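> The following block contains the structure, expressed as structure tokens.
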Amino acid sequence: MSNIRDSFHSRIGFVLAAAGSAIGLGNIWGFPTQAANNGGGAFLFVYLVVTVLLALPALYAEVYIGNQAQKNPVSALEDACRDTEPRLGKYAGLIGLGGAIMMLSFYTIVAGWMLAHAISPLAELLGYHDIAQWLATSSTLRNLLFTPVFILLGAAIIHQGVNAGIEKWSARLMPVLLIMLVALITYILQQPGAEKGLRTYLIPDFSQVTNPKLIISAMGQAFFSLSIGVGGMMVYGSYMKKDDDIGKLAISITALDTFIAFMAGLLIIPALYVAEAAGQQVFQDDKLIGEGQLIFNILPELFNSMGNIGMVVAIGFFSLLSIAALTSTISSTEVPVSYLVEDKNLSRSKATWLVSAIVLTASMTIITFFDSLFGMVIRVLTTILQPLSCLFYFIVVGWLWKRGNKLRDVSLQEGRKWLPIWGNYLRFVCPLLLTVVFVNVAILN
């Protein structure tokens with residue numbers, strides 16, 4: 001096997017790929033739903049605050065570990081813990097790798113739903129009404145068909161490599177995603193009822209800002225939005241030149257991710273009030289009548305009421321969600337692929353198809369036992385594994401990693417007075433904040 005690792009060839013390529021990893025269904029579906037249920041502008045305000053206080057440092061820690069090691073997440077954590085607990089680092093990396101597989105196993109199912117819903121209005125426009133109805137209706141057969149299709153799309157990009165595959169396709173897909181998002185926002189804001197949604201979203205009710213439930217929801221959304229805790233950002237960081245300005249890169253990724261989440265709110269929140277103005281029941285007791293209903297009932301009904309132009313808008317909307325899902329799954333797939341290539345000496349092509357086969361098997365198992373497994377897998381990953389993995393990253397950077405760690409090694413801090421301050425923030429404050437999130441989300445809820 002060649003000792004030359006593939007890499008990103010430009011900073012913008014890395015930022016677009018990493019932002020693509022972070023920008024997924026959590027931004028375009030999860031963020032607006034949370035905002036709609038938690039005071040609109042008040043949620044947005046708190047979300048921005050906790051993104052800076054917690055999510056950005058967490059992203060920095062994960063990218064920093066990968067960048068300094070220049071290895072896959074399993075080997076990177078093992079190296080970082082070599083002077084203290086190397087086996088602990090390796091096992092934590094393997095758990096993160098398992099988390100990436102878990103994420104892919106349910107995420108590809110949901111992404112398959114988006115693909116089906118993107119094709120459904122097209123079939124309707126072409127006169128294939130029965131097919132359109134089948135595509136828009138949840139069924140095991142539909143899951144069995146579209147989940148493998150989505151897995152194949154991701155594998156086709158991954159097996160081409162970091163530069164030729166991940167970087168190139170991220171540079172293509174991210175601008176398309178942004179253009180589609182802006183076009184959809186422009187159209188929705190011209191519809192009756194949109195102005196009320198805009199006011200709800202952009203004008204905070206500061207009386208709700210101190211609501212503990214709102215704060216916890218915003219902290220959880222900010223943390224999970226950036227795709228932290230399964231090693232995707234770590235492996236991407238390892239593909240950048242060592243000692244690149246990780247701080248600036250992390251800020252760029254966080255800013256782009258937050259911007260897309262904000263823009264998604266500009267689309268979804270006004271769209272809800274447009275639907276309400278059209279006579280649909282959207283809220284009950286000031287809450288959305290159901291998170292799943294937002295994407296698969298409320299908005300499709302709104303699009304249907306618009307006639308043929310609504311079908312075009314529906315195609316654009318669900319294509320947008322499909323692209324967001326695809327860019328998010330790429331980084332998680334790269335985590336086990338990089339491990340198999342570097343530590344097990346498999347070719348990239350073999351590693352990609354092996355991982356895809358494992359993900360397909362896991363996804364098919366969830367589809368077969370959907371009612372029992374789907375929600376459980378999501379809860380275990382997002383409320384337990386991801387926050388605990390990120391807590392471990394903070395402990396590694398702040399406590400376990402000694403030699404070569406610029407955040408702790410005084411000899412490496414010359415001329416950088418901010419490094420000890422930043423290091424202490426990651427060492428003491430971030431673990432405390434993250435523990436608060438974990439206790440409230442995973443235990444109290």
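Here, A, B, ... name the chains of the structure tokens in the order displayed, residue numbers run from 1 inside each chain, and ligands are numbered from 1 in the same displayed order.
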Please identify all polymer residues within 12 Å of stretch 209-217 of chain A, counting only C-alpha atoms, omitting same-chain residues fewer than 6 positions from it, and present them as a CSV table (one decimal) with N, CA and C atoms, in the first residue's frame.


chain,number,residue,atom,x,y,z
A,30,GLY,N,-34.7,19.6,11.0
A,30,GLY,CA,-34.6,19.7,12.4
A,30,GLY,C,-34.7,21.1,13.0
A,31,PHE,N,-33.8,22.0,12.4
A,31,PHE,CA,-33.7,23.3,13.0
A,31,PHE,C,-35.0,24.1,12.9
A,33,THR,N,-38.0,23.0,12.6
A,33,THR,CA,-39.0,22.3,13.5
A,33,THR,C,-38.8,22.8,14.9
A,34,GLN,N,-37.5,22.7,15.4
A,34,GLN,CA,-37.2,23.2,16.8
A,34,GLN,C,-37.6,24.6,17.0
A,35,ALA,N,-37.3,25.5,15.9
A,35,ALA,CA,-37.6,26.9,16.0
A,35,ALA,C,-39.1,27.1,16.1
A,36,ALA,N,-39.8,26.4,15.3
A,36,ALA,CA,-41.3,26.5,15.3
A,36,ALA,C,-41.9,26.1,16.6
A,37,ASN,N,-41.3,25.1,17.3
A,37,ASN,CA,-41.8,24.6,18.6
A,37,ASN,C,-41.3,25.4,19.8
A,38,ASN,N,-40.3,26.3,19.6
A,38,ASN,CA,-39.6,26.9,20.7
A,38,ASN,C,-39.5,28.4,20.6
A,39,GLY,N,-40.5,29.1,20.1
A,39,GLY,CA,-40.5,30.5,20.1
A,39,GLY,C,-39.9,31.2,19.0
A,40,GLY,N,-39.6,30.5,17.9
A,40,GLY,CA,-39.1,31.2,16.7
A,40,GLY,C,-37.8,32.0,16.9
A,41,GLY,N,-38.0,33.3,16.9
A,41,GLY,CA,-36.8,34.1,17.0
A,41,GLY,C,-36.0,33.9,18.3
A,42,ALA,N,-36.7,33.6,19.4
A,42,ALA,CA,-36.1,33.3,20.7
A,42,ALA,C,-35.2,32.1,20.6
A,43,PHE,N,-35.6,31.1,19.9
A,43,PHE,CA,-34.8,29.9,19.7
A,43,PHE,C,-33.6,30.2,18.8
A,44,LEU,N,-33.8,31.0,17.8
A,44,LEU,CA,-32.7,31.4,16.9
A,44,LEU,C,-31.6,32.1,17.7
A,45,PHE,N,-32.0,33.0,18.5
A,45,PHE,CA,-31.1,33.8,19.3
A,45,PHE,C,-30.3,32.9,20.2
A,46,VAL,N,-30.9,32.0,21.0
A,46,VAL,CA,-30.2,31.1,21.9
A,46,VAL,C,-29.3,30.1,21.1
A,47,TYR,N,-29.8,29.7,20.0
A,47,TYR,CA,-29.1,28.8,19.1
A,47,TYR,C,-27.7,29.4,18.7
A,48,LEU,N,-27.8,30.6,18.3
A,48,LEU,CA,-26.6,31.3,17.9
A,48,LEU,C,-25.6,31.4,19.0
A,49,VAL,N,-26.1,31.7,20.2
A,49,VAL,CA,-25.2,31.9,21.4
A,49,VAL,C,-24.5,30.5,21.7
A,50,VAL,N,-25.3,29.5,21.8
A,50,VAL,CA,-24.7,28.2,22.2
A,50,VAL,C,-23.9,27.6,21.1
A,51,THR,N,-24.1,27.9,19.9
A,51,THR,CA,-23.3,27.5,18.8
A,51,THR,C,-21.8,28.0,19.0
A,223,PHE,N,-25.3,21.4,18.8
A,223,PHE,CA,-24.3,20.4,18.9
A,223,PHE,C,-24.4,19.3,17.8
A,224,PHE,N,-25.6,18.8,17.6
A,224,PHE,CA,-25.8,17.7,16.6
A,224,PHE,C,-25.8,18.3,15.2
A,225,SER,N,-26.1,19.5,15.0
A,225,SER,CA,-26.1,20.1,13.7
A,225,SER,C,-24.8,20.0,13.0
A,383,THR,N,-28.5,10.9,21.5
A,383,THR,CA,-28.5,11.4,22.9
A,383,THR,C,-27.5,10.7,23.8
A,433,LEU,N,-20.3,22.3,30.1
A,433,LEU,CA,-21.4,22.6,29.2
A,433,LEU,C,-22.0,21.3,28.6
A,434,LEU,N,-21.1,20.5,28.1
A,434,LEU,CA,-21.6,19.3,27.4
A,434,LEU,C,-22.2,18.3,28.4
A,435,THR,N,-21.7,18.3,29.6
A,435,THR,CA,-22.3,17.4,30.6
A,435,THR,C,-23.8,17.9,30.9
A,436,VAL,N,-24.0,19.2,30.9
A,436,VAL,CA,-25.3,19.7,31.2
A,436,VAL,C,-26.2,19.3,30.1
A,437,VAL,N,-25.8,19.4,28.8
A,437,VAL,CA,-26.6,18.9,27.7
A,437,VAL,C,-26.9,17.4,27.8
A,438,PHE,N,-25.9,16.7,28.1
A,438,PHE,CA,-26.1,15.2,28.2
A,438,PHE,C,-27.1,14.8,29.3
A,439,VAL,N,-26.9,15.4,30.4
A,439,VAL,CA,-27.8,15.1,31.6
A,439,VAL,C,-29.3,15.5,31.3
A,440,ASN,N,-29.5,16.6,30.7
A,440,ASN,CA,-30.8,17.1,30.4
A,440,ASN,C,-31.5,16.4,29.2
A,441,VAL,N,-30.7,16.1,28.2
A,441,VAL,CA,-31.3,15.5,27.0
A,441,VAL,C,-31.4,14.0,27.2
A,442,ALA,N,-30.4,13.3,27.6
A,442,ALA,CA,-30.4,11.9,27.7
A,442,ALA,C,-31.0,11.3,28.9
A,444,LEU,N,-32.9,13.4,31.7
A,444,LEU,CA,-34.1,14.0,32.2
A,444,LEU,C,-35.3,13.8,31.2
A,445,ASN,N,-34.9,13.8,29.9
A,445,ASN,CA,-35.9,13.6,28.8
A,445,ASN,C,-36.1,12.1,28.5

> Counting only C-alpha atoms, which residues of stretch 141-195 of chain A sit at most 9 Å from some atom of stretch 105-124 of chain A, and what is each one's closest atom pair with its distance in Å to one decimal, listed by chain and rising residue number, as JSON lines?


{"residue": "A:Arg142", "atom": "CA", "partner": "A:Ala116", "partner_atom": "CA", "distance": 7.9}
{"residue": "A:Asn143", "atom": "CA", "partner": "A:Ile109", "partner_atom": "CA", "distance": 6.5}
{"residue": "A:Leu144", "atom": "CA", "partner": "A:Ile109", "partner_atom": "CA", "distance": 8.7}
{"residue": "A:Leu145", "atom": "CA", "partner": "A:Gly112", "partner_atom": "CA", "distance": 8.3}
{"residue": "A:Phe146", "atom": "CA", "partner": "A:Gly112", "partner_atom": "CA", "distance": 4.7}
{"residue": "A:Thr147", "atom": "CA", "partner": "A:Gly112", "partner_atom": "CA", "distance": 4.9}
{"residue": "A:Pro148", "atom": "CA", "partner": "A:Thr108", "partner_atom": "CA", "distance": 8.1}
{"residue": "A:Val149", "atom": "CA", "partner": "A:Gly112", "partner_atom": "CA", "distance": 7.5}
{"residue": "A:Phe150", "atom": "CA", "partner": "A:Gly112", "partner_atom": "CA", "distance": 6.0}
{"residue": "A:Ile151", "atom": "CA", "partner": "A:Thr108", "partner_atom": "CA", "distance": 6.5}

> Among stretch 200-384 of chain A, which residues carry a DSSP assignment of helix (DSSP H, G or I), reported as a ChimeraX atom specification?

/A:200-202,206-208,212-225,232-238,246-277,291-305,308-343,348-368,370-384

> I'd like the interatomic distance between atom CA of A:Met234 and atom CA of A:Tyr64, to a tenth of an Å.

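A separation of 7.3 Å between them.
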
> For A:Leu125, list every protein, DNA or RNA residue within 12 Å, evaluated using only C-alpha atoms, and leave out those in the same chain fewer than 3 positions away; present the list as a PyMOL selection string.

chain A and resi 118-122+128-132+304+307-315

> Restrict the selected residues to N, CA and C atoms and save them as an mmCIF file, in the first residue's frame.


data_model
loop_
_atom_site.group_PDB
_atom_site.id
_atom_site.type_symbol
_atom_site.label_atom_id
_atom_site.label_comp_id
_atom_site.auth_asym_id
_atom_site.auth_seq_id
_atom_site.Cartn_x
_atom_site.Cartn_y
_atom_site.Cartn_z
ATOM 1 N N ALA A 118 -39.007 13.356 -3.937
ATOM 2 C CA ALA A 118 -38.550 14.241 -5.016
ATOM 3 C C ALA A 118 -39.041 13.745 -6.373
ATOM 4 N N ILE A 119 -39.120 12.419 -6.535
ATOM 5 C CA ILE A 119 -39.554 11.831 -7.805
ATOM 6 C C ILE A 119 -41.078 11.838 -7.926
ATOM 7 N N SER A 120 -41.789 11.761 -6.795
ATOM 8 C CA SER A 120 -43.251 11.673 -6.798
ATOM 9 C C SER A 120 -43.937 12.810 -7.564
ATOM 10 N N PRO A 121 -43.625 14.089 -7.299
ATOM 11 C CA PRO A 121 -44.286 15.155 -8.066
ATOM 12 C C PRO A 121 -43.924 15.139 -9.545
ATOM 13 N N LEU A 122 -42.716 14.670 -9.865
ATOM 14 C CA LEU A 122 -42.339 14.539 -11.276
ATOM 15 C C LEU A 122 -43.235 13.508 -11.962
ATOM 16 N N TYR A 128 -48.309 9.930 -14.289
ATOM 17 C CA TYR A 128 -48.243 8.610 -13.646
ATOM 18 C C TYR A 128 -48.756 8.731 -12.207
ATOM 19 N N HIS A 129 -50.062 8.882 -12.075
ATOM 20 C CA HIS A 129 -50.652 9.215 -10.779
ATOM 21 C C HIS A 129 -50.503 8.093 -9.756
ATOM 22 N N ASP A 130 -50.672 6.849 -10.184
ATOM 23 C CA ASP A 130 -50.552 5.723 -9.248
ATOM 24 C C ASP A 130 -49.124 5.596 -8.715
ATOM 25 N N ILE A 131 -48.147 5.775 -9.622
ATOM 26 C CA ILE A 131 -46.742 5.712 -9.204
ATOM 27 C C ILE A 131 -46.424 6.858 -8.245
ATOM 28 N N ALA A 132 -46.938 8.057 -8.563
ATOM 29 C CA ALA A 132 -46.711 9.219 -7.702
ATOM 30 C C ALA A 132 -47.266 8.971 -6.303
ATOM 31 N N ASN A 304 -49.328 20.786 -3.272
ATOM 32 C CA ASN A 304 -50.429 20.291 -4.105
ATOM 33 C C ASN A 304 -51.470 21.375 -4.364
ATOM 34 N N GLY A 307 -51.080 23.834 -7.540
ATOM 35 C CA GLY A 307 -51.172 23.401 -8.934
ATOM 36 C C GLY A 307 -49.837 22.916 -9.460
ATOM 37 N N ASN A 308 -49.622 23.077 -10.770
ATOM 38 C CA ASN A 308 -48.396 22.567 -11.396
ATOM 39 C C ASN A 308 -47.137 23.246 -10.870
ATOM 40 N N ILE A 309 -47.226 24.545 -10.568
ATOM 41 C CA ILE A 309 -46.052 25.236 -10.037
ATOM 42 C C ILE A 309 -45.683 24.650 -8.674
ATOM 43 N N GLY A 310 -46.688 24.197 -7.936
ATOM 44 C CA GLY A 310 -46.427 23.554 -6.656
ATOM 45 C C GLY A 310 -45.674 22.249 -6.810
ATOM 46 N N MET A 311 -45.949 21.528 -7.909
ATOM 47 C CA MET A 311 -45.223 20.289 -8.175
ATOM 48 C C MET A 311 -43.741 20.586 -8.429
ATOM 49 N N VAL A 312 -43.485 21.665 -9.149
ATOM 50 C CA VAL A 312 -42.096 22.063 -9.424
ATOM 51 C C VAL A 312 -41.395 22.455 -8.123
ATOM 52 N N VAL A 313 -42.106 23.198 -7.272
ATOM 53 C CA VAL A 313 -41.548 23.590 -5.975
ATOM 54 C C VAL A 313 -41.267 22.349 -5.123
ATOM 55 N N ALA A 314 -42.165 21.368 -5.165
ATOM 56 C CA ALA A 314 -41.978 20.131 -4.402
ATOM 57 C C ALA A 314 -40.748 19.368 -4.878
ATOM 58 N N ILE A 315 -40.567 19.295 -6.200
ATOM 59 C CA ILE A 315 -39.370 18.635 -6.745
ATOM 60 C C ILE A 315 -38.116 19.327 -6.224
#

> Atom CA of A:Thr140 and atom CA of A:Thr368, how far apart in Å?

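Computing it gives 7.8 Å between the two atoms.
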
> In Å, rounded to a single decimal, give me how far atom CA of A:Ile323 is from atom CA of A:Glu195.

27.9 Å

> Skipping near chain neighbours, those fewer than 4 positions away, what residues fall within 8 Å of A:Leu226 using only C-alpha atoms, listed as a compact mmCIF listing (two decimals) with C-alpha atoms, in the first residue's frame?


# COMPACT_ATOMS: atom_id res chain seq x y z
CA SER A 21 -21.02 16.98 6.28
CA ALA A 22 -22.58 19.33 8.82
CA ILE A 23 -25.38 20.61 6.59
CA ALA A 55 -20.61 23.62 19.09
CA LEU A 59 -15.84 21.06 16.13
CA ALA A 222 -26.39 23.31 17.80
CA THR A 254 -19.67 26.72 11.68
CA ASP A 257 -23.60 25.55 8.67

> For A:Val274, please output as a list in words all residues within 6 Å (counting only C-alpha atoms; exclusion window: fewer than 6 positions along the same chain).

Pro192, Gly193 and Ala194 of chain A

> If you keep C-alpha atoms, can you produce a file of those selected residues as a PDB file, in the first residue's frame?


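Final output, part-v3.pdb:
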ATOM      1  CA  PRO A 192     -50.046  34.914   1.467  1.00  0.00           C
ATOM      2  CA  GLY A 193     -49.254  34.337   5.144  1.00  0.00           C
ATOM      3  CA  ALA A 194     -45.473  34.344   4.735  1.00  0.00           C
TER       4      ALA A 194
END

> Smallest atom-to-atom distance to A:Pro32: which of A:Ser305, A:Asn405, A:Gln281, A:Thr200, using only C-alpha atoms?

A:Thr200

> Counting only C-alpha atoms, what is within 9 Å of A:Leu256, bar same-chain residues fewer than 5 positions away, as a list of chain:residue names?

A:Val15, A:Leu16, A:Ala19, A:Ile23, A:Ile251, A:Ala261

> Let me see the file: selected residues, N, CA and C atoms, as a PDB file, in the first residue's frame.


ATOM      1  N   VAL A  15     -13.492  23.230   3.411  1.00  0.00           N
ATOM      2  CA  VAL A  15     -14.616  23.910   4.063  1.00  0.00           C
ATOM      3  C   VAL A  15     -15.947  23.454   3.464  1.00  0.00           C
ATOM      4  N   LEU A  16     -16.006  23.348   2.123  1.00  0.00           N
ATOM      5  CA  LEU A  16     -17.247  22.917   1.477  1.00  0.00           C
ATOM      6  C   LEU A  16     -17.583  21.471   1.829  1.00  0.00           C
ATOM      7  N   ALA A  19     -18.524  21.465   5.575  1.00  0.00           N
ATOM      8  CA  ALA A  19     -19.840  22.092   5.718  1.00  0.00           C
ATOM      9  C   ALA A  19     -20.924  21.178   5.163  1.00  0.00           C
ATOM     10  N   ILE A  23     -24.084  20.169   7.111  1.00  0.00           N
ATOM     11  CA  ILE A  23     -25.380  20.614   6.594  1.00  0.00           C
ATOM     12  C   ILE A  23     -26.162  19.407   6.096  1.00  0.00           C
ATOM     13  N   ILE A 251     -14.284  28.031  12.253  1.00  0.00           N
ATOM     14  CA  ILE A 251     -15.206  29.172  12.211  1.00  0.00           C
ATOM     15  C   ILE A 251     -15.928  29.219  10.869  1.00  0.00           C
ATOM     16  N   ALA A 261     -28.722  26.786   8.167  1.00  0.00           N
ATOM     17  CA  ALA A 261     -29.816  26.535   9.112  1.00  0.00           C
ATOM     18  C   ALA A 261     -30.727  27.758   9.204  1.00  0.00           C
TER      19      ALA A 261
END

> If we count only C-alpha atoms, what is near A:Arg5 at a cut-off of 10 Å, once residues fewer than 6 positions away on the same chain are taken out, given as a list in words?

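Residues near the query, excluding close chain neighbours: Gln70, Lys71, Val162, Ser238, Tyr239, Ser338, Val341 and Glu342 of chain A.
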
> Take the residues that were just selected and, keeping C-alpha atoms, output them as a short mmCIF file (atom, residue, chain, number, x, y, z; two decimals), in the first residue's frame.


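Produced file result_6.cif, reproduced below:
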data_model
loop_
_atom_site.label_atom_id
_atom_site.label_comp_id
_atom_site.auth_asym_id
_atom_site.auth_seq_id
_atom_site.Cartn_x
_atom_site.Cartn_y
_atom_site.Cartn_z
CA GLN A 70 -2.79 12.94 9.94
CA LYS A 71 -4.49 9.56 10.43
CA VAL A 162 -10.75 12.48 -1.25
CA SER A 238 -6.58 14.67 8.77
CA TYR A 239 -6.78 15.33 5.03
CA SER A 338 -10.24 5.42 5.94
CA VAL A 341 -7.58 1.55 3.90
CA GLU A 342 -4.92 2.70 6.39
#
